[in-house]
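S.K.: Here it is, the structure, as structure tokens.
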Amino acid sequence: MNELKLDVKKEKKAHRSQSGLNILWREIVRDKLALVSLIFLAVITTTVFVVSGLLDLNEIVRVDLFAIYEPPSENFWLGTDYGGRDIFGQLIIGTRNSLAIGFAVTLMTGIIGVSFGLITGYFGGQTDNMLMRIVDFFQILPFLMVVIVFVAIVPNYGIVEFSLIMTGFLWMGIARIIRSKTLQERELDYAQASQTLGTPRWKIMFGQILPNLSSLIIVTMTLNLAANIGLESGLSFLGFGFPERMPSLGTLLSYATNPQTLENRWWIWMPAAILIFLLMLSVRNVGEALKRATDARQRRG
Amino acid sequence: MWKFIVRRIIITLPQILLLSLFVFLLAQLMPGDALTGLVDPNLDPAQIALQRERLGLNNPWYVQYYDWITSALQGDLGQSFRYKMDVTDIIAQRLVNTFWLSLLTLIFTYMIAIPLGITSGRFNDTFRDQMIVGYTYVGFATPLFIFALLLLWLLGFNFGWFPTGGSVQPGLTPGTLDYVLSKLHHLILPALSMALITTVSTVQYLRSEIIDTKQKEFILTARAKGASESRVYNRHIFRNSLLPIAALFGFEITGLIGGTVFIERIYSYPGMGLLLLESISQRDYSVVVAVVLLFGIASIIGALLSDIILSLVDPRIRIK
Amino acid sequence: MTSSKMAKLLFALMLFLLLAVVGCSSGDDDATGEDETPVEEEPGDEEEVEDDGIYSIDDFDPVKTNEGEAISGGILNFGLVSDTAFEGTLNYNFYSGNPDVQVINWFNESLLGIDENYNYTQDGAATFEVDEDEGSITFTIHEDLNWHDGEPVTAEDWAYAYEIVGHPDYEGVRYTQALSSVEGMPEYKTGEADSISGIEIIDEKTIKFTYHQFTPSLLASGVWAYPLAKHIFEDMEIGDMASSDAVRQNPIGYGPFVVESIVPGESVTFVKNEDYWRGEPNLDGVTLRVINPSVVVQELENGNIDVVDSFPTDQYPENAELANVEFLGGIDNAYTYIGFKFGSWDADAGEVVVDPDAKMADVELRRAMWHAVDNDTVGQRYYNGLRWNATTLIPPSHPDYHDDSIEAPLYDPAEAERILDEAGYEDLDGDGYREDPDGNELVINFASMSGGDIAEPLAQYYMQAWEAVGLNVQLVDGRLQEFNTFYDRVEADDPDIDIYQGAWGVGSDVDPSGLYGRTAAFNYTRFASERNDELLEEGLSEDAFDIAYRQQVYSEWQEYMVEQIPVFPTVYRAVLVPVNNRVHNYFIPQVPGLGVYRNEIALTQEEPLSVSDVD
């Protein structure tokens, strides 16, 4: 979708590379909603990472037979689940885990996708044709099925393993976008000139074209971040997420499949639902502001 | 044009073959097989071992794959161990359900997206537009399964407006009007809950398309020539913005596939998504492989459709 | 700009409100509901319930109490609780899974009746005479027993079932001990013989089976009593039968109801069989629907379904006061247990090989582990008393054989520590965990299955309990195993597994040799001893036809297992079935020998009762 839109638009921004990041920043500061969202994200991220460092995971996932399904109280700020485990602690650690996965997957897919896109786009022709078939193939792979199988065969299934699996099958989107942009970019004067001057290809790719694509990459990755956080919770809901000893927002949400929990024990799933909602909304707000910044006509002020 | 389509199809064939190999290998890697679940002291383990031998489950994977692919090429996808039926028959049963679910979802998606997108694009930055944008934001941030659970609980149980599981009321004769109506009644809630969430991207896209188009020169020209505002919108802007939307149609299909897995599980709607989940947990490999392959083919076709529509719309994208 | 922010905030707020409504409203409903309906039960029960939210299976009846006057006719709505579709192999001779048998039971039944201990009675559609000397049983099928199409059920149909299921080409899983114990059956199965020597058709309704080993098990549900309609199946290839219309679309039986229509995987409608041999059913028909476990309660509340095959017990406490249903309860013939690995399975020899050096070979260690866990509290806290501490390996669902006088180790952490100290398990390096008697580090690897209602916290609890007495128990791979993986690894005697948590449904026959015998592949602990062999053999001996003797043998066996502890049972469980108040004569099918039959089920009114009707 993004690809289309970006293709059709702008032909005129090659000279903006220096100020590109500046424009992004200015746009965010101008859009109060995006600014608030960004601050919210930063605060939540710092909080969960700091607080979870102080919490003892073993203490939180410790089962207490005499505190099952406690509603929120002084002892348990957000009550307990069916194992008598504190929801508040799980929420903090769960948010941390979900964010960690989101960031890790976004970063890794970003690196792979950008490099892949740059190479296919810059070389073009036969190379492009061949490499794009690989992308095509990955895109028709049934992501869900693959993850389910990996859950079954990977021992010690954890954040790192999960992120790697997700990355393995999610890098194609960004690769496509970067490729089509690179195809246009390499035809522009500056790239052609460098080539004539005999600058090594990798230098042109990573030293000249890449900076010109930086704002596009940031926008795409921001929007991917939201999607990746959402994916994890979906998998947990289907029962292919993390073990309960390693809580995530998805595991907490999936407790809502028990109708009694959905109806009568809001404290288990609703905080996670609200948090995931706010996180995705904030990431989205920031992403939209960034996207506007890359499009001069929609820029504000 | 035809050359392009034929070329695309030729490219997809090896992809499908590779996909089948990949899926087959994955299935082999999964621990256990269709007989592992039969942990029942009333059954004779020696018989189970015999069954395993008979079904060829002890053969090396390449032998199994060879057996499978040779018969698959002749249209025989094997037997489901669990259902004791031809895989093609089970899939035929379930595919119908998923087809109607997807169709209705698509209809709802566009029924919601087109008016909202047009309103929002035409009157952008008005209150109406902001409401619609607000909706798309919320829709974007709400996980599909939570939304579906809430709708099921609210409309299905609390108000009792819709049935809460299955695809048709028991005891009706297929082909009668009652039967069709009952099917439709069972479809509305699942389709609606999926459409309400998935439509947001289409709304957003349509909106920005229209905003783009209305600044284009031919629109300005049309206006300058004195065409009425509604004529400008209906004849020029809408038509021009709709084609790119149509190009997205193929991708919608891919999106639907993922969505049906969730929706069918929540509404106990016996379609392909539910069949996949069931077969995976029961290790009914012949079904798993066939369903995944079918999903793969559906998304390939989706992408193909999109490319074709796209090249019709925008000659620049046409593949040389 | 401002309006955009407003709109977004507004939407966010609306969503919050929606969530809040969902979260709270029903909670209020339930709260008031509980206050308002002090249900007309005996006051004793009620007090107990209100005190601590702990229930006891003794307070449940397996048969519905009837209130009001029954009408004739009406349609019963039956919910088949399952999160998968039913397969649709609707014949006893071909099915493989539980959902299907729930469907079959409405239109077909075993020819033989059973009592509360699963022993055959003369109340079924076939009666029998035993000839112990010859080792044979002669069965006579009821005169009026006809298939739904009017053809009589004959001795030939019964023999036909043996011929098909025992045939070398048969592809199902129903060929078991019940068939192979008939003389000449093994030869027929391997294709060496063309006919089965142990089956003799005496006349149209009489048949004699001769057994090569005549054991008491035979009379405790050890006979395959499910005839196959020969006049329908005889023209088919054996390989095609299971997928034929006669199994999938128009299945045939001789039970109280006749299949009218089937929506594959989701629902079945039945009409009554006026020709049913016990008498014409009261109901006009039955509608069966697959119900997802997550919506059972709502469907019951609304009266959309009258009964279900079994109710998820974890949802019971919140719904104990549902006003429009009565909960029936019975003891399930199953138990959960912790198993210890003793060795491996020798597939060629077909028997277990005990490894005397196995990590868990020390009985004192096993006993200490039993003492360390508090199963009564587990049952009360996690299952609200609907599961309770188990003592022996024959559950109370077999009342004649379960010996409740046996004293099994109880929760006593101090005793556990004492045993461990004495046996030489001491913490030498001060890390808080005990080392084994040789001073080596002791890490016990625990395998447990995922997917149960409370699988994760339960496994966690056991590990904590063992940790409390100084034992270092770790989950295999640090997580629960998915069902197929779990059995794959336990079955293959994966060396990474030292102990595991499993559950067994005990068969209708009390004989445990299929689970604990030396030659049983399902003997997952791979425990064997001469004494064990001896006792198991004794239970199947000729002397054991005397019930009192058999009881004594199995009592000794239970005691022996409590001493040796190859496994220890953790909890027994209850099965609950909610029944709408308009239903009469419903009974829990899982409890044997109640003497109530499906044709007697009746309704008091055409329309089901919903909760709001009752309030």
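Each chain in the structure tokens gets a letter, A, B and so on, in the order shown; residues start at 1 in every chain, and ligands are counted from 1 in the order they appear.
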Find the nearest atom pair between each residue of chain A and chain B for residues within 8 Å, count only C-alpha atoms, give distances in Å to one decimal, sort rows by chain and ascending number, and present the table as a tab-separated table.

M.R.:
residue	atom	partner	partner_atom	distance
A:Met1	CA	B:Leu248	CA	7.7
A:Phe137	CA	B:Gln15	CA	6.2
A:Ile140	CA	B:Gly296	CA	5.3
A:Leu141	CA	B:Gly296	CA	6.5
A:Pro142	CA	B:Val292	CA	6.6
A:Met145	CA	B:Val292	CA	7.7
A:Val146	CA	B:Leu26	CA	7.3
A:Val149	CA	B:Met30	CA	5.9
A:Ala152	CA	B:Met30	CA	6.4
A:Ile153	CA	B:Met30	CA	6.5
A:Gly230	CA	B:Pro143	CA	6.7
A:Gly234	CA	B:Phe145	CA	7.4
A:Phe237	CA	B:Phe145	CA	7.9
A:Leu238	CA	B:Phe262	CA	7.5
A:Thr257	CA	B:Leu149	CA	7.7
A:Ile276	CA	B:Ala141	CA	7.7
A:Phe277	CA	B:Ala141	CA	5.1
A:Leu278	CA	B:Ala141	CA	7.5
A:Met280	CA	B:Ala141	CA	5.2
A:Leu281	CA	B:Ala141	CA	5.6
A:Arg284	CA	B:Tyr137	CA	7.9

S.K.: Do me a favour and pick out the residues of chain A within 8 Å of chain C, using only C-alpha atoms, as a list in words.

M.R.: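 Selected residues: Leu33, Arg62, Val63, Asp64, Leu65, Phe66, Ile68, Tyr82, Gly83, Ala152, Pro155, Asn156, Pro243, Glu244, Arg245, Thr257, Asn258, Pro259, Gln260, Leu262, Glu263, Asn264, Arg265, Trp266, Met270 and Ile274 of chain A.
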
S.K.: Store the residues picked out above, limited to N, CA and C atoms, as an mmCIF file, in the first residue's frame.

M.R.:
data_model
loop_
_atom_site.group_PDB
_atom_site.id
_atom_site.type_symbol
_atom_site.label_atom_id
_atom_site.label_comp_id
_atom_site.auth_asym_id
_atom_site.auth_seq_id
_atom_site.Cartn_x
_atom_site.Cartn_y
_atom_site.Cartn_z
ATOM 1 N N LEU A 33 -0.453 15.806 19.214
ATOM 2 C CA LEU A 33 -0.887 14.443 19.502
ATOM 3 C C LEU A 33 0.284 13.476 19.348
ATOM 4 N N ARG A 62 5.189 -17.126 40.672
ATOM 5 C CA ARG A 62 5.028 -18.116 41.725
ATOM 6 C C ARG A 62 3.535 -18.340 41.974
ATOM 7 N N VAL A 63 3.181 -19.627 42.031
ATOM 8 C CA VAL A 63 1.788 -19.980 42.196
ATOM 9 C C VAL A 63 1.403 -19.900 43.663
ATOM 10 N N ASP A 64 0.273 -19.295 43.940
ATOM 11 C CA ASP A 64 -0.200 -19.225 45.310
ATOM 12 C C ASP A 64 -1.606 -19.798 45.383
ATOM 13 N N LEU A 65 -1.716 -20.973 45.984
ATOM 14 C CA LEU A 65 -3.002 -21.665 46.013
ATOM 15 C C LEU A 65 -4.076 -20.888 46.762
ATOM 16 N N PHE A 66 -3.662 -19.981 47.612
ATOM 17 C CA PHE A 66 -4.664 -19.323 48.435
ATOM 18 C C PHE A 66 -4.986 -17.909 47.977
ATOM 19 N N ILE A 68 -6.141 -17.272 44.542
ATOM 20 C CA ILE A 68 -6.591 -17.404 43.165
ATOM 21 C C ILE A 68 -7.723 -16.425 42.864
ATOM 22 N N TYR A 82 -5.608 -17.140 37.606
ATOM 23 C CA TYR A 82 -6.057 -18.436 38.096
ATOM 24 C C TYR A 82 -4.960 -19.242 38.769
ATOM 25 N N GLY A 83 -3.751 -18.735 38.775
ATOM 26 C CA GLY A 83 -2.713 -19.412 39.521
ATOM 27 C C GLY A 83 -2.363 -18.622 40.786
ATOM 28 N N ALA A 152 6.681 -25.967 18.352
ATOM 29 C CA ALA A 152 6.750 -27.363 18.751
ATOM 30 C C ALA A 152 8.170 -27.911 18.725
ATOM 31 N N PRO A 155 13.427 -26.149 21.240
ATOM 32 C CA PRO A 155 13.455 -26.235 22.695
ATOM 33 C C PRO A 155 13.771 -24.859 23.258
ATOM 34 N N ASN A 156 13.347 -24.600 24.489
ATOM 35 C CA ASN A 156 13.604 -23.322 25.128
ATOM 36 C C ASN A 156 13.131 -22.144 24.293
ATOM 37 N N PRO A 243 5.001 -19.438 26.900
ATOM 38 C CA PRO A 243 4.495 -20.102 28.106
ATOM 39 C C PRO A 243 4.119 -19.057 29.147
ATOM 40 N N GLU A 244 3.244 -19.447 30.059
ATOM 41 C CA GLU A 244 2.758 -18.476 31.040
ATOM 42 C C GLU A 244 3.857 -18.014 31.984
ATOM 43 N N ARG A 245 4.920 -18.805 32.058
ATOM 44 C CA ARG A 245 6.000 -18.385 32.937
ATOM 45 C C ARG A 245 6.725 -17.181 32.376
ATOM 46 N N THR A 257 -10.301 -15.504 26.691
ATOM 47 C CA THR A 257 -11.061 -16.549 25.992
ATOM 48 C C THR A 257 -11.900 -17.355 26.971
ATOM 49 N N ASN A 258 -11.515 -17.376 28.219
ATOM 50 C CA ASN A 258 -12.377 -17.997 29.213
ATOM 51 C C ASN A 258 -13.540 -17.041 29.479
ATOM 52 N N PRO A 259 -14.752 -17.467 29.178
ATOM 53 C CA PRO A 259 -15.888 -16.539 29.254
ATOM 54 C C PRO A 259 -16.084 -15.958 30.646
ATOM 55 N N GLN A 260 -15.757 -16.741 31.670
ATOM 56 C CA GLN A 260 -15.912 -16.227 33.030
ATOM 57 C C GLN A 260 -14.937 -15.093 33.273
ATOM 58 N N LEU A 262 -13.683 -13.187 30.901
ATOM 59 C CA LEU A 262 -14.129 -12.063 30.065
ATOM 60 C C LEU A 262 -15.221 -11.267 30.772
ATOM 61 N N GLU A 263 -16.166 -11.972 31.375
ATOM 62 C CA GLU A 263 -17.311 -11.272 31.957
ATOM 63 C C GLU A 263 -17.048 -10.751 33.361
ATOM 64 N N ASN A 264 -16.446 -11.592 34.183
ATOM 65 C CA ASN A 264 -16.438 -11.273 35.600
ATOM 66 C C ASN A 264 -15.104 -10.823 36.148
ATOM 67 N N ARG A 265 -14.024 -11.062 35.421
ATOM 68 C CA ARG A 265 -12.724 -10.740 36.004
ATOM 69 C C ARG A 265 -11.950 -9.830 35.069
ATOM 70 N N TRP A 266 -12.486 -8.619 34.959
ATOM 71 C CA TRP A 266 -11.901 -7.663 34.026
ATOM 72 C C TRP A 266 -10.452 -7.355 34.328
ATOM 73 N N MET A 270 -8.300 -6.696 31.005
ATOM 74 C CA MET A 270 -8.568 -5.352 30.491
ATOM 75 C C MET A 270 -7.354 -4.426 30.540
ATOM 76 N N ILE A 274 -6.163 -2.509 27.273
ATOM 77 C CA ILE A 274 -6.053 -1.053 27.178
ATOM 78 C C ILE A 274 -4.619 -0.641 26.828
#

S.K.: Could you work out how far CA of Glu606 in chain C lies from CA of Ile75 in chain C, giving the answer in Å with one decimal?

M.R.: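 Separation of CA of Ile75 in chain C and CA of Glu606 in chain C: 7.4 Å.
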
S.K.: Can you tell me how far CA of Gly343 in chain C sits from CA of Trp370 in chain C, in Å to one decimal?

M.R.: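 Interatomic distance, CA of Gly343 in chain C to CA of Trp370 in chain C: 20.3 Å.
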
S.K.: Report the residues of range 322-510 of chain C whose backbone DSSP state falls under alpha helix (DSSP H), written as number ranges by chain.

M.R.: C: 363-372, 375-383, 413-423, 455-468, 483-491

S.K.: Please tabulate, as a Markdown table, the residues of chain B that come within 6 Å of chain C, each with its closest pair of atoms and the distance in Å to one decimal, counting only C-alpha atoms and ordering rows by chain, then residue number upward.

M.R.:
| residue | atom | partner | partner_atom | distance |
| --- | --- | --- | --- | --- |
| B:Pro31 | CA | C:Thr485 | CA | 5.2 |
| B:Gly32 | CA | C:Asn484 | CA | 5.2 |
| B:Pro41 | CA | C:Gly514 | CA | 5.8 |
| B:Leu43 | CA | C:Thr176 | CA | 5.5 |
| B:Asp44 | CA | C:Thr176 | CA | 5.3 |
| B:Tyr83 | CA | C:Glu87 | CA | 5.1 |
| B:Lys84 | CA | C:Ser243 | CA | 5.8 |
| B:Met85 | CA | C:Ser243 | CA | 5.4 |
| B:Gln130 | CA | C:Ser4 | CA | 5.1 |
| B:Met131 | CA | C:Ala7 | CA | 5.5 |
| B:Gly134 | CA | C:Lys8 | CA | 4.6 |
| B:Pro170 | CA | C:Ser267 | CA | 5.7 |
| B:Gly171 | CA | C:Thr269 | CA | 5.7 |

S.K.: So which one's closest to Pro271 in chain A, A:Gln90, A:Ser73, A:Ser52, A:Ser163? Using only C-alpha atoms, please.

M.R.: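 Looking at the shortest contact to Pro271 in chain A, the residue is A:Gln90.
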
S.K.: Please determine, counting only C-alpha atoms, which residue among B:Gly156, B:Gly255, B:Gly302, B:Pro60 has the shortest atom-to-atom distance to Ile188 in chain B.

M.R.: B:Gly156

S.K.: Neighbours of range 103-109 of chain A within 12 Å (only C-alpha atoms; same-chain residues fewer than 5 positions away dropped), as JSON, numbers by chain?

M.R.: {"A": [45, 95, 96, 97, 98, 114, 115, 116, 117, 159, 160, 161, 162, 163, 164, 165, 166, 167, 168, 169, 170, 171, 172, 173, 174, 175, 176, 217, 218, 219, 220, 221, 222, 223, 224, 225, 226, 227, 228, 229, 231, 232, 283]}

S.K.: The selected residues should be written to file as a short mmCIF file (atom, residue, chain, number, x, y, z; two decimals), in the first residue's frame (atoms: N, CA and C atoms).

M.R.:
data_model
loop_
_atom_site.label_atom_id
_atom_site.label_comp_id
_atom_site.auth_asym_id
_atom_site.auth_seq_id
_atom_site.Cartn_x
_atom_site.Cartn_y
_atom_site.Cartn_z
N THR A 45 7.99 2.77 27.97
CA THR A 45 9.14 1.91 27.71
C THR A 45 10.14 1.97 28.86
N THR A 95 4.50 -6.30 29.31
CA THR A 95 4.69 -5.15 28.43
C THR A 95 6.13 -5.10 27.97
N ARG A 96 7.03 -5.35 28.93
CA ARG A 96 8.44 -5.32 28.55
C ARG A 96 8.72 -6.37 27.47
N ASN A 97 8.23 -7.58 27.70
CA ASN A 97 8.47 -8.64 26.72
C ASN A 97 7.86 -8.30 25.37
N SER A 98 6.63 -7.81 25.38
CA SER A 98 5.98 -7.49 24.11
C SER A 98 6.73 -6.39 23.38
N VAL A 114 16.00 -3.60 4.42
CA VAL A 114 16.66 -2.45 3.77
C VAL A 114 17.83 -2.93 2.93
N SER A 115 18.67 -3.81 3.51
CA SER A 115 19.82 -4.28 2.74
C SER A 115 19.34 -5.00 1.48
N PHE A 116 18.37 -5.87 1.66
CA PHE A 116 17.86 -6.65 0.54
C PHE A 116 17.28 -5.73 -0.54
N GLY A 117 16.50 -4.77 -0.07
CA GLY A 117 15.86 -3.85 -1.00
C GLY A 117 16.87 -3.01 -1.75
N ILE A 159 12.12 -15.23 24.00
CA ILE A 159 11.99 -13.98 23.25
C ILE A 159 12.90 -13.97 22.03
N VAL A 160 14.14 -14.39 22.21
CA VAL A 160 15.10 -14.35 21.10
C VAL A 160 14.62 -15.26 19.97
N GLU A 161 14.26 -16.50 20.33
CA GLU A 161 13.82 -17.46 19.32
C GLU A 161 12.58 -16.93 18.59
N PHE A 162 11.65 -16.44 19.40
CA PHE A 162 10.40 -15.96 18.81
C PHE A 162 10.67 -14.81 17.85
N SER A 163 11.52 -13.87 18.27
CA SER A 163 11.82 -12.73 17.41
C SER A 163 12.47 -13.19 16.12
N LEU A 164 13.37 -14.15 16.23
CA LEU A 164 14.05 -14.63 15.03
C LEU A 164 13.06 -15.25 14.05
N ILE A 165 12.14 -16.06 14.58
CA ILE A 165 11.15 -16.69 13.71
C ILE A 165 10.31 -15.64 13.01
N MET A 166 9.81 -14.68 13.81
CA MET A 166 8.98 -13.63 13.22
C MET A 166 9.77 -12.88 12.14
N THR A 167 11.02 -12.55 12.48
CA THR A 167 11.85 -11.82 11.52
C THR A 167 11.97 -12.59 10.22
N GLY A 168 12.22 -13.89 10.36
CA GLY A 168 12.42 -14.73 9.18
C GLY A 168 11.30 -14.63 8.17
N PHE A 169 10.11 -14.29 8.62
CA PHE A 169 8.99 -14.30 7.70
C PHE A 169 8.30 -12.94 7.58
N LEU A 170 8.94 -11.89 8.09
CA LEU A 170 8.28 -10.59 8.03
C LEU A 170 9.13 -9.50 7.38
N TRP A 171 10.26 -9.89 6.80
CA TRP A 171 11.15 -8.84 6.28
C TRP A 171 10.79 -8.41 4.86
N MET A 172 9.85 -9.13 4.23
CA MET A 172 9.63 -8.91 2.80
C MET A 172 8.96 -7.58 2.48
N GLY A 173 8.06 -7.14 3.37
CA GLY A 173 7.32 -5.91 3.10
C GLY A 173 8.25 -4.73 2.90
N ILE A 174 9.13 -4.54 3.87
CA ILE A 174 10.03 -3.39 3.81
C ILE A 174 11.01 -3.55 2.66
N ALA A 175 11.41 -4.79 2.37
CA ALA A 175 12.31 -5.02 1.25
C ALA A 175 11.69 -4.52 -0.05
N ARG A 176 10.41 -4.82 -0.24
CA ARG A 176 9.73 -4.38 -1.45
C ARG A 176 9.70 -2.86 -1.57
N ILE A 217 12.45 4.96 5.59
CA ILE A 217 12.72 3.78 6.42
C ILE A 217 12.15 3.97 7.81
N ILE A 218 12.36 5.15 8.36
CA ILE A 218 11.85 5.40 9.71
C ILE A 218 10.34 5.28 9.75
N VAL A 219 9.69 5.86 8.76
CA VAL A 219 8.22 5.79 8.72
C VAL A 219 7.76 4.34 8.65
N THR A 220 8.32 3.58 7.72
CA THR A 220 7.88 2.21 7.54
C THR A 220 8.10 1.39 8.80
N MET A 221 9.25 1.61 9.40
CA MET A 221 9.56 0.82 10.59
C MET A 221 8.65 1.18 11.75
N THR A 222 8.34 2.43 11.88
CA THR A 222 7.44 2.81 12.96
C THR A 222 6.09 2.10 12.80
N LEU A 223 5.58 2.15 11.58
CA LEU A 223 4.28 1.51 11.36
C LEU A 223 4.39 -0.01 11.55
N ASN A 224 5.52 -0.59 11.18
CA ASN A 224 5.72 -2.02 11.39
C ASN A 224 5.71 -2.37 12.87
N LEU A 225 6.27 -1.46 13.66
CA LEU A 225 6.37 -1.72 15.09
C LEU A 225 4.99 -2.05 15.67
N ALA A 226 4.02 -1.22 15.32
CA ALA A 226 2.67 -1.45 15.83
C ALA A 226 2.15 -2.81 15.40
N ALA A 227 2.36 -3.12 14.13
CA ALA A 227 1.87 -4.39 13.62
C ALA A 227 2.51 -5.56 14.34
N ASN A 228 3.81 -5.46 14.61
CA ASN A 228 4.51 -6.56 15.26
C ASN A 228 4.04 -6.80 16.68
N ILE A 229 3.74 -5.71 17.39
CA ILE A 229 3.23 -5.88 18.75
C ILE A 229 1.90 -6.61 18.69
N LEU A 231 0.83 -8.69 16.36
CA LEU A 231 0.98 -10.08 15.94
C LEU A 231 1.24 -11.02 17.11
N GLU A 232 2.11 -10.58 17.99
CA GLU A 232 2.47 -11.44 19.12
C GLU A 232 1.23 -11.79 19.94
N VAL A 283 2.02 4.53 18.74
CA VAL A 283 2.98 4.26 17.68
C VAL A 283 2.42 4.76 16.37
#
